[in-house]
file upload08.txt (compact mmCIF, C-alpha atoms)
# COMPACT_ATOMS: atom_id res chain seq x y z
CA MET X 99 86.45 177.52 55.74
CA LYS X 100 88.78 176.22 53.04
CA ARG X 101 90.22 172.80 53.81
CA ILE X 102 94.00 172.73 54.33
CA SER X 103 95.61 170.80 51.46
CA LEU X 104 97.92 167.84 51.93
CA THR X 105 100.76 169.88 50.38
CA THR X 106 100.36 172.50 53.11
CA TRP X 107 100.31 169.84 55.83
CA ILE X 108 103.50 168.30 54.43
CA MET X 109 105.19 171.71 54.48
CA ILE X 110 104.05 172.20 58.08
CA GLY X 111 105.45 168.77 58.97
CA LEU X 112 108.76 169.57 57.25
CA VAL X 113 109.24 172.92 59.04
CA ALA X 114 108.08 171.54 62.38
CA GLY X 115 110.45 168.58 62.03
CA ILE X 116 113.45 170.82 61.40
CA ALA X 117 112.56 172.97 64.42
CA PHE X 118 111.94 169.98 66.69
CA GLY X 119 115.18 168.28 65.63
CA ALA X 120 117.18 171.46 66.29
CA LEU X 121 115.58 172.28 69.68
CA LEU X 122 115.20 168.76 71.11
CA PRO X 123 117.73 166.52 69.36
CA GLY X 124 117.44 163.68 71.89
CA PRO X 125 113.69 163.07 71.57
CA ALA X 126 113.83 163.92 67.87
CA LYS X 127 115.99 160.86 67.17
CA GLU X 128 113.12 158.66 68.32
CA THR X 129 110.72 160.14 65.77
CA ALA X 130 112.41 158.20 62.98
CA ILE X 131 109.79 155.49 63.59
CA LEU X 132 107.12 157.79 62.11
CA GLY X 133 108.98 158.05 58.81
CA THR X 134 109.67 154.31 58.82
CA ILE X 135 106.00 153.45 59.35
CA PHE X 136 104.91 155.76 56.54
CA LEU X 137 107.42 154.34 54.06
CA ARG X 138 106.51 150.75 55.01
CA LEU X 139 102.84 151.50 54.35
CA ILE X 140 103.69 153.10 51.01
CA LYS X 141 105.68 150.03 49.97
CA THR X 142 102.54 147.90 50.40
CA VAL X 143 100.92 149.99 47.65
CA ILE X 144 103.62 149.80 44.96
CA ALA X 145 103.43 146.21 43.66
CA PRO X 146 99.63 145.76 43.42
CA LEU X 147 99.15 149.27 42.05
CA ILE X 148 101.76 148.92 39.29
CA PHE X 149 100.48 145.46 38.36
CA ALA X 150 96.82 146.49 38.23
CA THR X 151 97.25 149.80 36.40
CA LEU X 152 99.70 148.42 33.84
CA VAL X 153 97.56 145.35 33.04
CA VAL X 154 94.50 147.58 32.57
CA GLY X 155 96.48 150.09 30.51
CA ILE X 156 98.06 147.55 28.14
CA ALA X 157 94.96 145.36 27.79
CA GLY X 158 92.91 148.52 27.21
CA THR X 159 94.96 149.46 24.15
CA GLY X 160 94.36 146.05 22.64
CA ASN X 161 97.46 146.62 20.53
CA VAL X 162 100.85 145.10 21.32
CA LYS X 163 102.56 147.23 18.64
CA THR X 164 101.31 150.40 20.32
CA MET X 165 102.94 149.46 23.62
CA GLY X 166 106.15 148.49 21.85
CA ARG X 167 106.23 151.90 20.16
CA ILE X 168 105.58 153.67 23.46
CA GLY X 169 108.33 151.66 25.15
CA GLY X 170 110.82 152.54 22.42
CA LYS X 171 110.01 156.25 22.64
CA ALA X 172 110.27 156.20 26.43
CA ILE X 173 113.69 154.49 26.46
CA LEU X 174 115.03 156.89 23.82
CA TYR X 175 113.84 159.88 25.84
CA PHE X 176 115.29 158.41 29.06
CA GLU X 177 118.73 157.96 27.54
CA ILE X 178 118.86 161.46 26.06
CA VAL X 179 117.81 163.24 29.26
CA THR X 180 119.98 161.19 31.64
CA THR X 181 123.00 161.81 29.39
CA VAL X 182 122.33 165.54 29.59
CA ALA X 183 122.06 165.20 33.39
CA LEU X 184 125.49 163.57 33.56
CA PHE X 185 127.04 166.43 31.59
CA VAL X 186 125.31 169.06 33.75
CA GLY X 187 126.78 167.45 36.87
CA LEU X 188 130.20 167.25 35.22
CA GLY X 189 130.06 170.92 34.22
CA ALA X 190 128.94 172.07 37.67
CA VAL X 191 131.65 170.21 39.59
CA ASN X 192 134.42 171.41 37.24
CA LEU X 193 133.17 174.99 37.43
CA ILE X 194 132.67 175.25 41.22
CA LYS X 195 135.34 172.72 42.32
CA PRO X 196 133.67 171.89 45.68
CA GLY X 197 136.18 169.12 46.45
CA VAL X 198 139.26 171.37 46.47
CA GLY X 199 140.49 171.72 50.05
CA VAL X 200 138.42 168.87 51.50
CA GLN X 201 140.47 166.36 53.50
CA LEU X 202 139.63 162.68 53.09
CA THR X 203 139.61 160.46 56.18
CA LYS X 204 141.79 157.46 55.46
CA GLY X 205 140.27 154.09 56.20
CA ALA X 206 136.64 155.23 56.45
CA THR X 207 134.42 153.48 53.90
CA ALA X 208 130.95 154.18 55.31
CA GLY X 209 130.30 150.43 55.47
CA LEU X 210 129.80 150.20 51.70
CA THR X 211 131.38 147.46 49.66
CA GLN X 212 132.97 148.13 46.33
CA THR X 213 130.80 146.88 43.52
CA SER X 214 130.97 146.53 39.79
CA THR X 215 128.12 145.84 37.41
CA ASN X 216 128.39 144.66 33.83
CA PHE X 217 125.76 144.63 31.11
CA SER X 218 124.97 140.92 31.43
CA GLN X 219 124.29 141.30 35.17
CA ILE X 220 121.97 144.25 34.53
CA LEU X 221 120.15 142.33 31.80
CA GLU X 222 119.81 139.25 34.00
CA HIS X 223 118.47 141.31 36.91
CA THR X 224 115.79 142.82 34.65
CA PHE X 225 113.91 139.52 34.27
CA PRO X 226 112.21 137.96 37.32
CA THR X 227 112.37 134.31 38.31
CA SER X 228 109.23 134.71 40.40
CA ILE X 229 106.78 137.61 40.29
CA ILE X 230 105.83 136.87 43.91
CA ASP X 231 109.47 137.24 44.95
CA SER X 232 109.80 140.45 42.90
CA MET X 233 106.70 141.91 44.53
CA ALA X 234 107.90 140.91 47.99
CA ARG X 235 111.22 142.68 47.41
CA GLY X 236 109.55 145.67 45.73
CA ASP X 237 111.70 145.32 42.61
CA VAL X 238 109.85 147.78 40.36
CA LEU X 239 111.74 146.93 37.16
CA GLN X 240 111.04 143.20 37.41
CA ILE X 241 107.38 143.88 38.22
CA VAL X 242 107.10 146.12 35.15
CA VAL X 243 108.73 143.52 32.86
CA PHE X 244 106.47 140.70 34.05
CA THR X 245 103.33 142.85 33.95
CA PHE X 246 104.16 144.21 30.50
CA ILE X 247 104.32 140.68 29.06
CA PHE X 248 101.28 139.61 31.09
CA GLY X 249 99.29 142.63 29.88
CA MET X 250 100.20 141.90 26.26
CA ALA X 251 98.96 138.34 26.75
CA CYS X 252 95.67 139.69 28.10
CA ALA X 253 95.36 141.97 25.06
CA VAL X 254 95.94 139.08 22.65
CA VAL X 255 93.56 136.69 24.47
CA GLY X 256 90.83 139.33 24.23
CA ALA X 257 87.32 138.51 25.49
CA LYS X 258 88.39 135.59 27.67
CA ALA X 259 90.74 137.90 29.61
CA LYS X 260 88.05 140.53 30.29
CA PRO X 261 87.05 139.15 33.72
CA PHE X 262 90.64 139.34 34.95
CA VAL X 263 91.19 142.79 33.41
CA GLY X 264 87.99 143.91 35.16
CA PHE X 265 89.40 142.55 38.42
CA CYS X 266 92.61 144.55 37.87
CA GLU X 267 90.56 147.67 37.17
CA SER X 268 88.76 147.23 40.49
CA LEU X 269 92.06 146.50 42.23
CA ALA X 270 93.60 149.72 40.85
CA GLU X 271 90.67 151.81 42.14
CA ILE X 272 90.89 150.13 45.54
CA MET X 273 94.64 150.73 45.74
CA PHE X 274 94.20 154.42 44.86
CA GLN X 275 91.71 154.76 47.71
CA TYR X 276 94.04 152.78 49.99
CA THR X 277 96.78 155.24 49.02
CA ASN X 278 94.55 158.15 50.01
CA TYR X 279 94.24 156.71 53.50
CA VAL X 280 97.99 156.10 53.78
CA MET X 281 98.73 159.64 52.56
CA LEU X 282 96.90 161.09 55.55
CA PHE X 283 99.91 159.88 57.56
CA ALA X 284 102.37 161.66 55.23
CA PRO X 285 102.79 164.88 57.30
CA LEU X 286 103.68 162.84 60.40
CA GLY X 287 106.03 160.66 58.32
CA VAL X 288 107.77 163.75 56.94
CA PHE X 289 107.98 165.27 60.43
CA GLY X 290 109.60 162.13 61.84
CA ALA X 291 112.04 161.65 58.98
CA ILE X 292 113.43 165.20 59.00
CA ALA X 293 113.35 165.61 62.80
CA SER X 294 115.37 162.44 63.36
CA THR X 295 117.92 163.50 60.72
CA ILE X 296 118.43 166.95 62.23
CA GLY X 297 118.41 165.49 65.75
CA ASP X 298 121.08 162.96 64.84
CA LYS X 299 123.33 165.15 62.67
CA GLY X 300 122.52 168.55 64.17
CA LEU X 301 122.04 171.76 62.23
CA GLY X 302 125.75 171.56 61.51
CA VAL X 303 124.85 169.06 58.77
CA LEU X 304 123.47 172.06 56.90
CA VAL X 305 126.88 173.78 57.08
CA ASN X 306 129.53 171.05 56.77
CA LEU X 307 130.44 170.39 53.17
CA GLY X 308 128.04 173.21 52.32
CA LYS X 309 129.84 173.94 49.06
CA LEU X 310 129.13 170.42 47.81
CA VAL X 311 125.47 170.58 48.86
CA LEU X 312 124.98 174.02 47.29
CA THR X 313 126.69 172.89 44.08
CA LEU X 314 124.33 169.93 43.81
CA TYR X 315 121.24 172.00 44.56
CA GLY X 316 122.34 174.67 42.08
CA ALA X 317 122.98 172.05 39.38
CA GLU X 318 119.63 170.34 40.03
CA LEU X 319 117.85 173.71 39.89
CA PHE X 320 119.62 174.55 36.63
CA PHE X 321 118.60 171.18 35.25
CA ILE X 322 114.94 171.74 36.21
CA VAL X 323 114.74 175.27 34.82
CA VAL X 324 116.86 174.93 31.68
CA VAL X 325 116.57 171.27 30.63
CA PHE X 326 113.08 170.43 31.87
CA GLY X 327 111.92 173.92 30.90
CA SER X 328 113.21 173.42 27.35
CA VAL X 329 111.52 170.02 27.15
CA THR X 330 108.14 171.49 28.14
CA VAL X 331 108.50 174.16 25.43
CA ILE X 332 109.60 171.71 22.73
CA ALA X 333 106.90 169.18 23.62
CA LYS X 334 104.28 171.94 24.07
CA ILE X 335 103.31 170.83 27.55
CA PRO X 336 101.12 173.34 29.48
CA LEU X 337 103.61 174.39 32.15
CA ARG X 338 101.28 175.90 34.75
CA ARG X 339 98.95 172.92 34.74
CA PHE X 340 101.91 170.54 34.87
CA ILE X 341 103.35 172.33 37.93
CA HIS X 342 99.93 172.26 39.57
CA PHE X 343 99.69 168.47 39.17
CA VAL X 344 103.28 167.55 40.13
CA ARG X 345 103.89 169.89 43.07
CA GLU X 346 102.42 167.54 45.67
CA PRO X 347 104.30 164.36 44.65
CA PHE X 348 107.45 166.48 44.14
CA LEU X 349 107.25 167.89 47.68
CA LEU X 350 106.54 164.43 49.09
CA ALA X 351 109.57 162.95 47.30
CA PHE X 352 111.74 165.83 48.52
CA SER X 353 110.66 165.70 52.16
CA THR X 354 110.83 161.90 52.50
CA ALA X 355 113.79 161.34 50.12
CA SER X 356 111.77 158.42 48.76
CA SER X 357 110.55 158.07 45.19
CA GLU X 358 108.28 155.22 46.28
CA ALA X 359 106.41 157.52 48.65
CA ALA X 360 105.39 159.75 45.75
CA LEU X 361 104.71 157.08 43.10
CA PRO X 362 101.04 156.31 43.87
CA ILE X 363 99.91 159.94 43.92
CA ALA X 364 102.09 160.71 40.88
CA LEU X 365 100.39 157.91 38.92
CA GLU X 366 96.96 159.28 39.78
CA ASN X 367 97.80 162.94 39.19
CA MET X 368 99.46 162.39 35.80
CA GLU X 369 96.41 160.47 34.64
CA LEU X 370 94.22 163.36 35.80
CA PHE X 371 96.60 165.73 34.00
CA GLY X 372 95.52 164.05 30.79
CA VAL X 373 98.18 161.43 30.09
CA PRO X 374 96.47 158.17 28.97
CA LYS X 375 96.42 155.42 31.58
CA HIS X 376 98.49 152.94 29.55
CA ILE X 377 101.28 155.53 29.10
CA VAL X 378 101.34 156.58 32.75
CA ALA X 379 101.25 152.99 34.00
CA PHE X 380 104.20 151.98 31.81
CA VAL X 381 106.45 155.04 31.58
CA LEU X 382 106.38 156.22 35.21
CA PRO X 383 107.40 152.92 36.91
CA THR X 384 109.91 152.10 34.13
CA GLY X 385 111.49 155.51 34.65
CA TYR X 386 112.29 154.52 38.23
CA SER X 387 115.00 152.28 36.80
CA PHE X 388 115.98 154.05 33.56
CA ASN X 389 115.29 157.75 34.08
CA LEU X 390 116.97 158.80 37.34
CA ASP X 391 117.88 162.30 36.22
CA GLY X 392 118.63 163.69 39.67
CA SER X 393 120.70 160.67 40.69
CA THR X 394 122.77 160.54 37.51
CA LEU X 395 123.55 164.26 37.83
CA TYR X 396 124.58 163.66 41.45
CA LEU X 397 126.81 160.70 40.53
CA SER X 398 128.89 162.59 37.98
CA LEU X 399 129.23 165.50 40.40
CA ALA X 400 130.12 163.30 43.39
CA ALA X 401 132.70 161.21 41.53
CA ILE X 402 134.67 164.25 40.37
CA PHE X 403 134.25 165.81 43.84
CA VAL X 404 136.11 162.83 45.35
CA ALA X 405 138.86 163.15 42.76
CA GLN X 406 139.22 166.85 43.63
CA ALA X 407 139.27 166.08 47.36
CA ALA X 408 141.96 163.44 46.81
CA GLY X 409 144.04 165.84 44.74
CA VAL X 410 143.78 163.62 41.65
CA HIS X 411 143.60 165.39 38.29
CA LEU X 412 141.41 163.56 35.79
CA ALA X 413 141.82 164.31 32.11
CA PHE X 414 138.65 165.29 30.29
CA THR X 415 138.73 162.04 28.29
CA THR X 416 138.91 160.09 31.57
CA GLN X 417 135.95 162.05 32.90
CA LEU X 418 133.97 161.20 29.76
CA PHE X 419 134.80 157.52 30.19
CA MET X 420 133.65 157.80 33.80
CA LEU X 421 130.35 159.22 32.54
CA LEU X 422 129.89 156.20 30.28
CA THR X 423 130.55 153.91 33.25
CA LEU X 424 128.02 155.75 35.40
CA MET X 425 125.48 155.68 32.56
CA LEU X 426 125.69 151.89 32.53
CA THR X 427 125.88 151.11 36.24
CA SER X 428 123.15 153.56 37.29
CA LYS X 429 120.57 151.46 35.41
CA GLY X 430 121.14 148.29 37.35
CA VAL X 431 120.57 148.91 41.05
CA ALA X 432 117.18 150.59 41.34
CA GLY X 433 115.62 149.73 44.68
CA VAL X 434 118.97 149.00 46.38
CA PRO X 435 119.26 150.85 49.73
CA ARG X 436 121.60 153.85 49.36
CA ALA X 437 121.90 152.84 45.71
CA SER X 438 123.66 156.03 44.60
CA LEU X 439 126.39 155.55 47.20
CA VAL X 440 126.83 151.91 46.17
CA ILE X 441 127.23 152.93 42.52
CA LEU X 442 129.60 155.71 43.52
CA ALA X 443 131.77 153.32 45.55
CA GLY X 444 132.06 150.93 42.61
CA THR X 445 132.91 153.73 40.18
CA LEU X 446 135.60 155.14 42.48
CA ALA X 447 137.18 151.70 42.74
CA SER X 448 137.12 151.27 38.95
CA PHE X 449 139.08 154.50 38.46
CA ASN X 450 141.49 153.96 41.38
CA LEU X 451 139.98 156.83 43.39
CA PRO X 452 139.80 156.56 47.20
CA ILE X 453 136.57 154.96 48.39
CA GLU X 454 137.04 157.01 51.58
CA GLY X 455 135.37 159.80 49.63
CA VAL X 456 132.04 158.06 50.16
CA ALA X 457 132.44 158.47 53.92
CA VAL X 458 133.03 162.21 53.47
CA ILE X 459 129.84 162.54 51.42
CA LEU X 460 127.79 160.36 53.77
CA GLY X 461 127.45 163.13 56.36
CA VAL X 462 125.38 165.27 54.00
CA ASP X 463 123.97 162.49 51.84
CA THR X 464 120.47 162.80 53.32
CA LEU X 465 120.26 166.44 52.21
CA MET X 466 121.51 165.57 48.74
CA ASP X 467 119.21 162.55 48.54
CA MET X 468 116.21 164.88 49.00
CA ALA X 469 117.27 166.90 45.96
CA ARG X 470 118.11 164.01 43.65
CA THR X 471 114.99 162.00 44.59
CA SER X 472 112.59 164.87 43.94
CA VAL X 473 114.25 165.61 40.58
CA ASN X 474 114.00 161.90 39.70
CA LEU X 475 110.27 162.05 40.41
CA LEU X 476 109.78 165.28 38.49
CA GLY X 477 111.70 163.91 35.51
CA ASN X 478 109.56 160.79 35.36
CA CYS X 479 106.32 162.77 35.56
CA LEU X 480 107.59 164.93 32.70
CA ALA X 481 108.55 161.82 30.73
CA THR X 482 104.95 160.56 30.80
CA ALA X 483 103.75 163.91 29.43
CA VAL X 484 106.44 163.95 26.72
CA VAL X 485 105.58 160.43 25.53
CA ALA X 486 101.87 161.35 25.55
CA ARG X 487 102.57 164.40 23.36
CA TRP X 488 104.77 162.23 21.14
CA GLU X 489 101.75 159.94 20.75
CA GLY X 490 99.63 162.90 19.66
CA VAL X 491 97.73 163.58 22.90
CA ASP X 492 96.70 167.26 23.23
CA LEU X 493 97.32 167.93 26.93
CA ALA X 494 96.48 171.63 26.53
CA ALA X 495 92.93 170.72 25.53
CA ILE X 496 92.22 169.12 28.91
CA GLU X 497 91.07 171.84 31.28
CA GLY X 498 89.04 172.02 34.47
CA VAL X 499 90.44 168.84 36.04
CA ALA X 500 92.20 169.28 39.39
CA PRO X 501 94.76 167.05 41.12
CA VAL X 502 93.38 164.54 43.59
CA ASP X 503 92.44 166.06 46.96
CA ILE X 504 93.28 163.41 49.56
CA ALA X 505 90.94 164.77 52.22
CA GLU X 506 87.98 164.95 49.83
CA ALA X 507 88.75 161.48 48.43
CA VAL X 508 88.79 159.99 51.92
CA SER X 509 85.61 161.74 53.05
CA ALA X 510 83.85 160.62 49.88
call {"tool": "encode", "arguments": {"input": "upload08.txt", "output": "structure tokens"}}
result
Amino acid sequence: MKRISLTTWIMIGLVAGIAFGALLPGPAKETAILGTIFLRLIKTVIAPLIFATLVVGIAGTGNVKTMGRIGGKAILYFEIVTTVALFVGLGAVNLIKPGVGVQLTKGATAGLTQTSTNFSQILEHTFPTSIIDSMARGDVLQIVVFTFIFGMACAVVGAKAKPFVGFCESLAEIMFQYTNYVMLFAPLGVFGAIASTIGDKGLGVLVNLGKLVLTLYGAELFFIVVVFGSVTVIAKIPLRRFIHFVREPFLLAFSTASSEAALPIALENMELFGVPKHIVAFVLPTGYSFNLDGSTLYLSLAAIFVAQAAGVHLAFTTQLFMLLTLMLTSKGVAGVPRASLVILAGTLASFNLPIEGVAVILGVDTLMDMARTSVNLLGNCLATAVVARWEGVDLAAIEGVAPVDIAEAVSA
């Protein structure tokens, strides 16, 4: 009998969680602990896995200039695609106008403080004072920066660094196997996360502010089909194989609303897809700070939504300036809890829009977070493939390799 795949189990957990939360809301609220346990276990994977794979990838190239070229290409691609995402969100919210008719609740701020971020603060935050502290906090960007420099040092040192690079290679393999064990808990984690949300908010959360939710989902879908679809055609990426390799991490990101939950399996699957290890290990984690396509689309949409709900007309030039502000601030708070809402609150304050709009959005933020997180993950997986093609890797020539099967990996 064919073994049930992890993707199928996650779907079963998602559907069962929705049903359990709707039928037994009281007990369902207590299942949040399952999602919390799963995400805590996943967070133990992130720092050692990124460090090990990136050191091995950079040291393996033996060429600092190569990594600098890859980094430049990745950042250029990130900026182009996230800018397009901002304009897609802006177009969707001006076309559908989901905020018209929504009443803001005066005085409600959802417990979020207004924040502003300038370029110097973002630049300062990029560089760690202690790699141990960065790993403890799970600050992906700081880990990547330290490891990038560390890996270049290993490449320059050469033979004397081989024992440590070998250790990192072993550590990466161990962490992938560790991830396989943790992923067996994913269906229960998904079940608990969605059941507690539905139990707490009720199925009414699927109806209230439905126009906003549907606008976001429609815009994200448009972005996937049109923008990502165009990128795959231009970069000549084999679409069917790409979908086959990203569907599991995409579903995991969607159902848990956590990019971290999907990062380990995304790293492994994109390498199996044919993207060289040094490109995957650098581009995918870096994208978690610089290539948040789903979140940037959401931010432009949500900011104009609040203006519409408040009855404030924003000139197109003002909207463009708001996009520039979002483009800057969205790079600086990766890893911050409810980061998108924090950025949104700061942007609203900067443009004299009522921060109460955040409280209105908060009721359906979990549903929207699922969409933006999964698109973030998909965009970063695609970015690794694009950079690989840009480096001359023929992904279409790699056939017969399947995504990792968690059950088989564990049994082996």
call {"tool": "atom_distance", "arguments": {"input": "upload08.txt", "atom1": "CA of Val484 (chain X)", "atom2": "CA of Ile377 (chain X)"}}
result
10.2 Å
call {"tool": "closest_residue", "arguments": {"input": "upload08.txt", "among": "X:Phe149, X:Trp488, X:Tyr279, X:Phe185", "to": "Leu422 (chain X)", "atoms": "all atoms listed in the file"}}
result
X:Phe185
call {"tool": "axis_aligned_box", "arguments": {"input": "upload08.txt", "around": "region 392-404 of chain X", "padding_each_side": "6 Å", "output": "lines of an AutoDock Vina configuration file"}}
result
center_x = 127.4
center_y = 163.2
center_z = 41.4
size_x = 29.5
size_y = 17.3
size_z = 19.8
call {"tool": "atom_distance", "arguments": {"input": "upload08.txt", "atom1": "CA of Asn192 (chain X)", "atom2": "CA of Cys479 (chain X)"}}
result
29.4 Å
call {"tool": "closest_atom_pairs", "arguments": {"input": "upload08.txt", "of": "region 443-471 of chain X", "to": "region 351-361 of chain X", "cutoff": "12 Å", "atoms": "only C-alpha atoms", "output": "Markdown table"}}
result
| residue | atom | partner | partner_atom | distance |
| --- | --- | --- | --- | --- |
| X:Asp463 | CA | X:Ala355 | CA | 10.4 |
| X:Thr464 | CA | X:Ala355 | CA | 7.5 |
| X:Leu465 | CA | X:Ala355 | CA | 8.5 |
| X:Met466 | CA | X:Ala355 | CA | 8.9 |
| X:Asp467 | CA | X:Ala355 | CA | 5.8 |
| X:Met468 | CA | X:Ala355 | CA | 4.4 |
| X:Ala469 | CA | X:Phe352 | CA | 6.2 |
| X:Arg470 | CA | X:Phe352 | CA | 8.2 |
| X:Thr471 | CA | X:Ala355 | CA | 5.7 |
call {"tool": "closest_residue", "arguments": {"input": "upload08.txt", "among": "X:Leu480, X:Thr142, X:Glu369, X:Ala270", "to": "Val331 (chain X)", "atoms": "all atoms listed in the file"}}
result
X:Leu480
call {"tool": "closest_residue", "arguments": {"input": "upload08.txt", "among": "X:Val485, X:Met273, X:Leu132, X:Leu286", "to": "Tyr175 (chain X)", "atoms": "all atoms listed in the file"}}
result
X:Val485
call {"tool": "closest_residue", "arguments": {"input": "upload08.txt", "among": "X:Ser218, X:Thr224, X:Thr164, X:Thr295", "to": "Ala120 (chain X)", "atoms": "all atoms listed in the file"}}
result
X:Thr295
call {"tool": "closest_residue", "arguments": {"input": "upload08.txt", "among": "X:Leu193, X:Leu112, X:Cys252, X:Ala486", "to": "Val373 (chain X)", "atoms": "only C-alpha atoms"}}
result
X:Ala486
call {"tool": "closest_residue", "arguments": {"input": "upload08.txt", "among": "X:Asn474, X:Ile148, X:Lys309, X:Leu188", "to": "Phe348 (chain X)", "atoms": "only C-alpha atoms"}}
result
X:Asn474
